[in-house]
Amino acid sequence: MQPFDQGLQVIAGIMRDGVAKHPNNEWVRRSVEYHISRAEEHLHLLREGEQLEDHLAHAATRLLMALTLREIG
C-alpha cells in the first residue's frame with residue numbers, strides 16, 4: 001500500500017471535509033451512476049484548467065465512493 005499512502009491520505013481528507021459539510025452520510029444514498037457522473041464532471045473541469053478545487057482528488061474520491069457502493073451492493 002505504500003505507493004498509495006499519499007493519495008489515500010488526500011482522499012481521506014476530502015472525505016473528512018465532506019463529513020463536515022454533509023454529516024448524514026448522504027453519499028451512501030446516491031447511486032453508483034451518480035458518483036461516476038460527478039467524477040466525470042471533476043475530470044472535465046480538470047482538463048479545462050479550472051483550479052478552484054483539486055479536481056483529480058475529488059474525481060478519485062467519487063470513484064472510490066462508487067466502487068464502495070458497488071461492493072456493498
# chains A, B, ... in the order shown; residues from 1 in each chain; ligands from 1

$ residues_around --residues "Glu33 in chain A" --least-positions-apart "6" --cutoff "12 Å" --atoms "only C-alpha atoms" --output "MDAnalysis selection string"
chainID A and resid 27 39:40 62:63 65:67 69:70

$ select_by_dssp --residues "chain A" --states "helix (DSSP H, G or I)" --output "PyMOL selection string"
chain A and resi 2-21+26-29+32-48+55-72

$ atom_distance --atom1 "CA of Gln2 in chain A" --atom2 "CA of Ala59 in chain A"
21.0 Å

$ atom_distance --atom1 "CA of Leu56 in chain A" --atom2 "CA of His42 in chain A"
6.9 Å

$ closest_residue --among "A:Gln9, A:Val32, A:His58, A:Asn25" --to "Glu71 in chain A" --atoms "only C-alpha atoms"
A:Val32

$ atom_distance --atom1 "CA of His22 in chain A" --atom2 "CA of His35 in chain A"
15.2 Å

$ closest_residue --among "A:Leu43, A:Thr61, A:Gly73, A:Asp17" --to "Arg29 in chain A" --atoms "only C-alpha atoms"
A:Gly73
